[in-house]
file run.cif (mmCIF, N, CA and C atoms)
data_query
loop_
_atom_site.label_atom_id
_atom_site.label_comp_id
_atom_site.auth_asym_id
_atom_site.auth_seq_id
_atom_site.Cartn_x
_atom_site.Cartn_y
_atom_site.Cartn_z
N MET A 24 112.87 121.19 97.55
CA MET A 24 112.69 120.92 96.14
C MET A 24 113.87 120.08 95.65
N GLN A 25 113.58 118.98 95.01
CA GLN A 25 114.63 118.12 94.47
C GLN A 25 115.30 118.81 93.29
N SER A 26 116.62 118.73 93.24
CA SER A 26 117.35 119.27 92.09
C SER A 26 118.16 118.15 91.45
N ASP A 27 118.79 118.46 90.35
CA ASP A 27 119.49 117.44 89.59
C ASP A 27 120.81 118.03 89.10
N GLU A 28 121.91 117.38 89.43
CA GLU A 28 123.24 117.89 89.06
C GLU A 28 123.43 117.95 87.56
N GLN A 29 122.92 116.97 86.82
CA GLN A 29 123.07 116.97 85.37
C GLN A 29 122.35 118.17 84.76
N ILE A 30 121.16 118.46 85.24
CA ILE A 30 120.41 119.61 84.73
C ILE A 30 121.12 120.91 85.09
N LYS A 31 121.65 120.99 86.31
CA LYS A 31 122.42 122.18 86.69
C LYS A 31 123.61 122.38 85.75
N TYR A 32 124.29 121.30 85.41
CA TYR A 32 125.43 121.35 84.50
C TYR A 32 125.00 121.86 83.12
N TRP A 33 123.89 121.30 82.62
CA TRP A 33 123.40 121.72 81.31
C TRP A 33 122.99 123.20 81.32
N LEU A 34 122.37 123.66 82.40
CA LEU A 34 122.01 125.07 82.50
C LEU A 34 123.25 125.96 82.49
N ALA A 35 124.29 125.54 83.18
CA ALA A 35 125.54 126.30 83.17
C ALA A 35 126.14 126.33 81.77
N MET A 36 126.05 125.21 81.07
CA MET A 36 126.55 125.17 79.69
C MET A 36 125.73 126.11 78.80
N MET A 37 124.41 126.13 78.99
CA MET A 37 123.56 127.03 78.21
C MET A 37 123.95 128.48 78.44
N LYS A 38 124.21 128.82 79.70
CA LYS A 38 124.62 130.19 80.02
C LYS A 38 125.93 130.53 79.33
N GLY A 39 126.88 129.58 79.34
CA GLY A 39 128.16 129.80 78.68
C GLY A 39 128.01 130.00 77.19
N ILE A 40 127.17 129.19 76.56
CA ILE A 40 126.94 129.31 75.12
C ILE A 40 126.29 130.65 74.81
N THR A 41 125.30 131.04 75.60
CA THR A 41 124.60 132.30 75.39
C THR A 41 125.56 133.48 75.44
N ASN A 42 126.55 133.41 76.31
CA ASN A 42 127.49 134.51 76.50
C ASN A 42 128.75 134.40 75.65
N ASP A 43 128.88 133.37 74.84
CA ASP A 43 130.08 133.15 74.04
C ASP A 43 129.98 133.92 72.72
N ASP A 44 130.72 135.03 72.65
CA ASP A 44 130.68 135.88 71.46
C ASP A 44 131.42 135.28 70.27
N SER A 45 132.17 134.20 70.48
CA SER A 45 132.91 133.60 69.37
C SER A 45 132.04 132.66 68.53
N LEU A 46 130.85 132.34 69.02
CA LEU A 46 129.96 131.45 68.28
C LEU A 46 128.98 132.26 67.43
N SER A 47 128.67 131.74 66.26
CA SER A 47 127.67 132.39 65.42
C SER A 47 126.30 132.19 66.04
N LYS A 48 125.35 133.02 65.64
CA LYS A 48 123.98 132.90 66.15
C LYS A 48 123.42 131.52 65.82
N GLU A 49 123.70 131.02 64.62
CA GLU A 49 123.20 129.71 64.21
C GLU A 49 123.79 128.60 65.07
N GLN A 50 125.10 128.70 65.36
CA GLN A 50 125.74 127.68 66.20
C GLN A 50 125.20 127.71 67.62
N LYS A 51 124.99 128.92 68.14
CA LYS A 51 124.40 129.05 69.48
C LYS A 51 123.03 128.39 69.52
N GLU A 52 122.20 128.71 68.53
CA GLU A 52 120.84 128.15 68.50
C GLU A 52 120.87 126.63 68.45
N SER A 53 121.74 126.08 67.63
CA SER A 53 121.85 124.63 67.50
C SER A 53 122.30 124.00 68.81
N ASP A 54 123.35 124.55 69.41
CA ASP A 54 123.86 124.02 70.68
C ASP A 54 122.83 124.14 71.80
N LEU A 55 122.15 125.29 71.85
CA LEU A 55 121.13 125.50 72.87
C LEU A 55 119.94 124.58 72.68
N ASP A 56 119.55 124.37 71.42
CA ASP A 56 118.45 123.43 71.14
C ASP A 56 118.78 122.03 71.65
N ASP A 57 120.00 121.59 71.38
CA ASP A 57 120.43 120.25 71.82
C ASP A 57 120.36 120.12 73.34
N LEU A 58 120.90 121.10 74.04
CA LEU A 58 120.90 121.05 75.50
C LEU A 58 119.48 121.14 76.06
N GLU A 59 118.67 121.98 75.45
CA GLU A 59 117.29 122.13 75.92
C GLU A 59 116.54 120.81 75.77
N GLU A 60 116.73 120.13 74.67
CA GLU A 60 116.06 118.84 74.47
C GLU A 60 116.53 117.81 75.48
N GLN A 61 117.83 117.80 75.78
CA GLN A 61 118.35 116.87 76.78
C GLN A 61 117.72 117.14 78.15
N MET A 62 117.59 118.43 78.49
CA MET A 62 116.99 118.78 79.78
C MET A 62 115.53 118.38 79.83
N LYS A 63 114.79 118.68 78.77
CA LYS A 63 113.37 118.34 78.74
C LYS A 63 113.18 116.82 78.83
N ASP A 64 114.01 116.08 78.11
CA ASP A 64 113.92 114.61 78.18
C ASP A 64 114.13 114.13 79.60
N ARG A 65 115.10 114.70 80.28
CA ARG A 65 115.39 114.27 81.66
C ARG A 65 114.27 114.69 82.62
N LEU A 66 113.78 115.92 82.44
CA LEU A 66 112.72 116.41 83.32
C LEU A 66 111.46 115.55 83.25
N TYR A 67 111.15 115.09 82.05
CA TYR A 67 109.90 114.37 81.85
C TYR A 67 110.08 112.85 81.82
N ASP A 68 111.28 112.38 82.16
CA ASP A 68 111.54 110.95 82.28
C ASP A 68 110.87 110.45 83.56
N SER A 69 109.99 109.50 83.43
CA SER A 69 109.20 109.05 84.59
C SER A 69 110.04 108.40 85.69
N THR A 70 111.26 108.03 85.39
CA THR A 70 112.09 107.41 86.43
C THR A 70 112.65 108.43 87.42
N HIS A 71 112.59 109.72 87.09
CA HIS A 71 113.14 110.74 87.99
C HIS A 71 112.10 111.36 88.92
N ASN A 72 110.86 111.45 88.49
CA ASN A 72 109.78 111.98 89.34
C ASN A 72 110.09 113.34 89.94
N PHE A 73 110.50 114.30 89.12
CA PHE A 73 110.75 115.65 89.61
C PHE A 73 109.44 116.31 90.00
N GLU A 74 109.49 117.14 91.01
CA GLU A 74 108.32 117.89 91.44
C GLU A 74 107.98 118.96 90.40
N ASP A 75 106.71 119.30 90.32
CA ASP A 75 106.27 120.31 89.35
C ASP A 75 106.99 121.65 89.55
N GLU A 76 107.26 121.99 90.82
CA GLU A 76 107.93 123.26 91.10
C GLU A 76 109.34 123.27 90.50
N TYR A 77 110.01 122.14 90.56
CA TYR A 77 111.37 122.07 90.00
C TYR A 77 111.32 122.17 88.48
N ILE A 78 110.37 121.48 87.87
CA ILE A 78 110.23 121.55 86.41
C ILE A 78 109.94 122.99 86.00
N ALA A 79 109.05 123.66 86.72
CA ALA A 79 108.74 125.06 86.42
C ALA A 79 109.97 125.94 86.59
N ASP A 80 110.78 125.68 87.62
CA ASP A 80 112.00 126.46 87.85
C ASP A 80 112.98 126.29 86.69
N VAL A 81 113.20 125.05 86.26
CA VAL A 81 114.13 124.79 85.16
C VAL A 81 113.62 125.43 83.88
N MET A 82 112.33 125.28 83.59
CA MET A 82 111.78 125.87 82.37
C MET A 82 111.88 127.39 82.42
N GLY A 83 111.72 127.98 83.60
CA GLY A 83 111.89 129.42 83.76
C GLY A 83 113.32 129.85 83.47
N ARG A 84 114.28 129.05 83.92
CA ARG A 84 115.69 129.37 83.67
C ARG A 84 116.01 129.27 82.18
N ILE A 85 115.42 128.26 81.52
CA ILE A 85 115.62 128.14 80.07
C ILE A 85 115.04 129.36 79.38
N ALA A 86 113.85 129.77 79.79
CA ALA A 86 113.22 130.94 79.19
C ALA A 86 114.06 132.20 79.42
N ASP A 87 114.65 132.33 80.61
CA ASP A 87 115.51 133.48 80.90
C ASP A 87 116.71 133.51 79.96
N LEU A 88 117.26 132.34 79.66
CA LEU A 88 118.44 132.27 78.80
C LEU A 88 118.10 132.38 77.32
N ARG A 89 116.95 131.85 76.92
CA ARG A 89 116.61 131.74 75.51
C ARG A 89 115.45 132.61 75.06
N GLY A 90 114.66 133.05 75.99
CA GLY A 90 113.46 133.80 75.64
C GLY A 90 112.23 132.90 75.74
N LEU A 91 111.09 133.50 75.75
CA LEU A 91 109.84 132.76 75.97
C LEU A 91 109.50 131.83 74.82
N ASP A 92 110.05 132.06 73.63
CA ASP A 92 109.75 131.21 72.48
C ASP A 92 110.22 129.78 72.67
N SER A 93 111.14 129.55 73.61
CA SER A 93 111.66 128.20 73.79
C SER A 93 110.74 127.32 74.63
N LEU A 94 109.76 127.91 75.29
CA LEU A 94 108.89 127.11 76.14
C LEU A 94 107.90 126.32 75.31
N PRO A 95 107.55 125.12 75.80
CA PRO A 95 106.58 124.31 75.06
C PRO A 95 105.22 125.02 75.02
N LYS A 96 104.52 124.83 73.95
CA LYS A 96 103.22 125.48 73.77
C LYS A 96 102.13 124.63 74.40
#
call {"tool": "encode", "arguments": {"input": "run.cif", "output": "structure tokens"}}
result
Amino acid sequence: MQSDEQIKYWLAMMKGITNDDSLSKEQKESDLDDLEEQMKDRLYDSTHNFEDEYIADVMGRIADLRGLDSLPK
């Protein structure tokens, strides 16, 4: 399965934000929204051609960090 270092970095940042007790809930949500959008943009950029399994794995990790409400409908 192809992976992407930038996405791995963003996922690590999301985990750090989620666990950072010094940030307000609103700041966490804003920061997480920004990172999630960057990841989704990269995943669905046609120049990268990620496999469906990798996209599902990344979206699952986002859901683990943020909850199921963050997944696209």
call {"tool": "atom_distance", "arguments": {"input": "run.cif", "atom1": "atom N of Glu74 (chain A)", "atom2": "atom C of Lys31 (chain A)"}}
result
16.0 Å
call {"tool": "axis_aligned_box", "arguments": {"input": "run.cif", "around": "region 25-43 of chain A", "padding_each_side": "4 Å", "output": "JSON"}}
result
{"center_x": 121.8, "center_y": 125.7, "center_z": 83.9, "size_x": 24.5, "size_y": 25.5, "size_z": 30.3}
call {"tool": "atom_distance", "arguments": {"input": "run.cif", "atom1": "CA of Glu52 (chain A)", "atom2": "atom N of His71 (chain A)"}}
result
27.4 Å
call {"tool": "atom_distance", "arguments": {"input": "run.cif", "atom1": "atom C of Thr70 (chain A)", "atom2": "atom C of Arg89 (chain A)"}}
result
27.3 Å
call {"tool": "resolve_selection", "arguments": {"input": "run.cif", "expression": "the PyMOL selection byres ((chain A and resi 37) around 8)", "output": "list of chain:residue names"}}
result
A:Lys31, A:Tyr32, A:Trp33, A:Leu34, A:Ala35, A:Met36, A:Lys38, A:Gly39, A:Ile40, A:Thr41, A:Asn42, A:Asp43, A:Asp54, A:Leu55, A:Leu58, A:Glu59, A:Leu88, A:Arg89
call {"tool": "select_by_dssp", "arguments": {"input": "run.cif", "residues": "chain A", "states": "alpha helix (DSSP H)", "output": "number ranges by chain"}}
result
A: 28-42, 48-66, 75-89
call {"tool": "resolve_selection", "arguments": {"input": "run.cif", "expression": "the PyMOL selection byres (((chain A and resi 65 and name CA) around 12) and name CA)", "output": "ChimeraX atom specification"}}
result
/A:26-31,33,58-64,66-73,78,81
call {"tool": "build_atoms", "arguments": {"input": "run.cif", "residues": "region 72-83 of chain A", "atoms": "all heavy atoms", "output": "PDB file, keeping the file's coordinate frame"}}
result
ATOM      1  N   ASN A  72     110.860 111.450  88.490  1.00  0.00           N
ATOM      2  CA  ASN A  72     109.780 111.980  89.340  1.00  0.00           C
ATOM      3  C   ASN A  72     110.090 113.340  89.940  1.00  0.00           C
ATOM      4  O   ASN A  72     109.992 113.539  91.156  1.00  0.00           O
ATOM      5  CB  ASN A  72     109.435 110.989  90.460  1.00  0.00           C
ATOM      6  CG  ASN A  72     108.880 109.697  89.919  1.00  0.00           C
ATOM      7  OD1 ASN A  72     108.104 109.699  88.969  1.00  0.00           O
ATOM      8  ND2 ASN A  72     109.289 108.590  90.502  1.00  0.00           N
ATOM      9  N   PHE A  73     110.500 114.300  89.120  1.00  0.00           N
ATOM     10  CA  PHE A  73     110.750 115.650  89.610  1.00  0.00           C
ATOM     11  C   PHE A  73     109.440 116.310  90.000  1.00  0.00           C
ATOM     12  O   PHE A  73     108.398 116.096  89.380  1.00  0.00           O
ATOM     13  CB  PHE A  73     111.445 116.505  88.541  1.00  0.00           C
ATOM     14  CG  PHE A  73     112.844 116.062  88.244  1.00  0.00           C
ATOM     15  CD1 PHE A  73     113.171 115.574  86.990  1.00  0.00           C
ATOM     16  CD2 PHE A  73     113.832 116.124  89.208  1.00  0.00           C
ATOM     17  CE1 PHE A  73     114.466 115.168  86.705  1.00  0.00           C
ATOM     18  CE2 PHE A  73     115.123 115.713  88.932  1.00  0.00           C
ATOM     19  CZ  PHE A  73     115.439 115.236  87.682  1.00  0.00           C
ATOM     20  N   GLU A  74     109.490 117.140  91.010  1.00  0.00           N
ATOM     21  CA  GLU A  74     108.320 117.890  91.440  1.00  0.00           C
ATOM     22  C   GLU A  74     107.980 118.960  90.400  1.00  0.00           C
ATOM     23  O   GLU A  74     108.874 119.478  89.723  1.00  0.00           O
ATOM     24  CB  GLU A  74     108.584 118.552  92.791  1.00  0.00           C
ATOM     25  CG  GLU A  74     108.800 117.558  93.914  1.00  0.00           C
ATOM     26  CD  GLU A  74     109.155 118.235  95.232  1.00  0.00           C
ATOM     27  OE1 GLU A  74     109.033 119.476  95.315  1.00  0.00           O
ATOM     28  OE2 GLU A  74     109.555 117.523  96.147  1.00  0.00           O
ATOM     29  N   ASP A  75     106.710 119.300  90.320  1.00  0.00           N
ATOM     30  CA  ASP A  75     106.270 120.310  89.350  1.00  0.00           C
ATOM     31  C   ASP A  75     106.990 121.650  89.550  1.00  0.00           C
ATOM     32  O   ASP A  75     107.296 122.337  88.587  1.00  0.00           O
ATOM     33  CB  ASP A  75     104.761 120.527  89.448  1.00  0.00           C
ATOM     34  CG  ASP A  75     103.971 119.337  88.929  1.00  0.00           C
ATOM     35  OD1 ASP A  75     104.540 118.496  88.192  1.00  0.00           O
ATOM     36  OD2 ASP A  75     102.782 119.246  89.260  1.00  0.00           O
ATOM     37  N   GLU A  76     107.260 121.990  90.820  1.00  0.00           N
ATOM     38  CA  GLU A  76     107.930 123.260  91.100  1.00  0.00           C
ATOM     39  C   GLU A  76     109.340 123.270  90.500  1.00  0.00           C
ATOM     40  O   GLU A  76     109.806 124.297  90.018  1.00  0.00           O
ATOM     41  CB  GLU A  76     108.011 123.528  92.610  1.00  0.00           C
ATOM     42  CG  GLU A  76     106.666 123.719  93.270  1.00  0.00           C
ATOM     43  CD  GLU A  76     106.024 122.403  93.706  1.00  0.00           C
ATOM     44  OE1 GLU A  76     106.723 121.369  93.802  1.00  0.00           O
ATOM     45  OE2 GLU A  76     104.805 122.416  93.918  1.00  0.00           O
ATOM     46  N   TYR A  77     110.010 122.140  90.560  1.00  0.00           N
ATOM     47  CA  TYR A  77     111.370 122.070  90.000  1.00  0.00           C
ATOM     48  C   TYR A  77     111.320 122.170  88.480  1.00  0.00           C
ATOM     49  O   TYR A  77     112.116 122.874  87.878  1.00  0.00           O
ATOM     50  CB  TYR A  77     112.070 120.775  90.423  1.00  0.00           C
ATOM     51  CG  TYR A  77     113.488 120.693  89.906  1.00  0.00           C
ATOM     52  CD1 TYR A  77     114.460 121.569  90.356  1.00  0.00           C
ATOM     53  CD2 TYR A  77     113.848 119.746  88.950  1.00  0.00           C
ATOM     54  CE1 TYR A  77     115.755 121.517  89.874  1.00  0.00           C
ATOM     55  CE2 TYR A  77     115.144 119.678  88.464  1.00  0.00           C
ATOM     56  CZ  TYR A  77     116.090 120.563  88.937  1.00  0.00           C
ATOM     57  OH  TYR A  77     117.378 120.517  88.446  1.00  0.00           O
ATOM     58  N   ILE A  78     110.370 121.480  87.870  1.00  0.00           N
ATOM     59  CA  ILE A  78     110.230 121.550  86.410  1.00  0.00           C
ATOM     60  C   ILE A  78     109.940 122.990  86.000  1.00  0.00           C
ATOM     61  O   ILE A  78     110.553 123.510  85.057  1.00  0.00           O
ATOM     62  CB  ILE A  78     109.121 120.588  85.933  1.00  0.00           C
ATOM     63  CG1 ILE A  78     109.562 119.141  86.173  1.00  0.00           C
ATOM     64  CG2 ILE A  78     108.795 120.829  84.451  1.00  0.00           C
ATOM     65  CD1 ILE A  78     108.474 118.106  85.927  1.00  0.00           C
ATOM     66  N   ALA A  79     109.050 123.660  86.720  1.00  0.00           N
ATOM     67  CA  ALA A  79     108.740 125.060  86.420  1.00  0.00           C
ATOM     68  C   ALA A  79     109.970 125.940  86.590  1.00  0.00           C
ATOM     69  O   ALA A  79     110.208 126.858  85.785  1.00  0.00           O
ATOM     70  CB  ALA A  79     107.595 125.553  87.302  1.00  0.00           C
ATOM     71  N   ASP A  80     110.780 125.680  87.620  1.00  0.00           N
ATOM     72  CA  ASP A  80     112.000 126.460  87.850  1.00  0.00           C
ATOM     73  C   ASP A  80     112.980 126.290  86.690  1.00  0.00           C
ATOM     74  O   ASP A  80     113.520 127.272  86.183  1.00  0.00           O
ATOM     75  CB  ASP A  80     112.640 126.039  89.168  1.00  0.00           C
ATOM     76  CG  ASP A  80     113.942 126.778  89.436  1.00  0.00           C
ATOM     77  OD1 ASP A  80     113.911 128.035  89.488  1.00  0.00           O
ATOM     78  OD2 ASP A  80     114.984 126.112  89.581  1.00  0.00           O
ATOM     79  N   VAL A  81     113.200 125.050  86.260  1.00  0.00           N
ATOM     80  CA  VAL A  81     114.130 124.790  85.160  1.00  0.00           C
ATOM     81  C   VAL A  81     113.620 125.430  83.880  1.00  0.00           C
ATOM     82  O   VAL A  81     114.376 126.083  83.149  1.00  0.00           O
ATOM     83  CB  VAL A  81     114.371 123.279  84.973  1.00  0.00           C
ATOM     84  CG1 VAL A  81     115.148 123.003  83.691  1.00  0.00           C
ATOM     85  CG2 VAL A  81     115.109 122.699  86.164  1.00  0.00           C
ATOM     86  N   MET A  82     112.330 125.280  83.590  1.00  0.00           N
ATOM     87  CA  MET A  82     111.780 125.870  82.370  1.00  0.00           C
ATOM     88  C   MET A  82     111.880 127.390  82.420  1.00  0.00           C
ATOM     89  O   MET A  82     112.135 128.045  81.402  1.00  0.00           O
ATOM     90  CB  MET A  82     110.331 125.423  82.173  1.00  0.00           C
ATOM     91  CG  MET A  82     110.186 123.918  81.969  1.00  0.00           C
ATOM     92  SD  MET A  82     111.237 123.224  80.672  1.00  0.00           S
ATOM     93  CE  MET A  82     110.366 123.810  79.251  1.00  0.00           C
ATOM     94  N   GLY A  83     111.720 127.980  83.600  1.00  0.00           N
ATOM     95  CA  GLY A  83     111.890 129.420  83.760  1.00  0.00           C
ATOM     96  C   GLY A  83     113.320 129.850  83.470  1.00  0.00           C
ATOM     97  O   GLY A  83     113.553 130.885  82.843  1.00  0.00           O
TER      98      GLY A  83
END
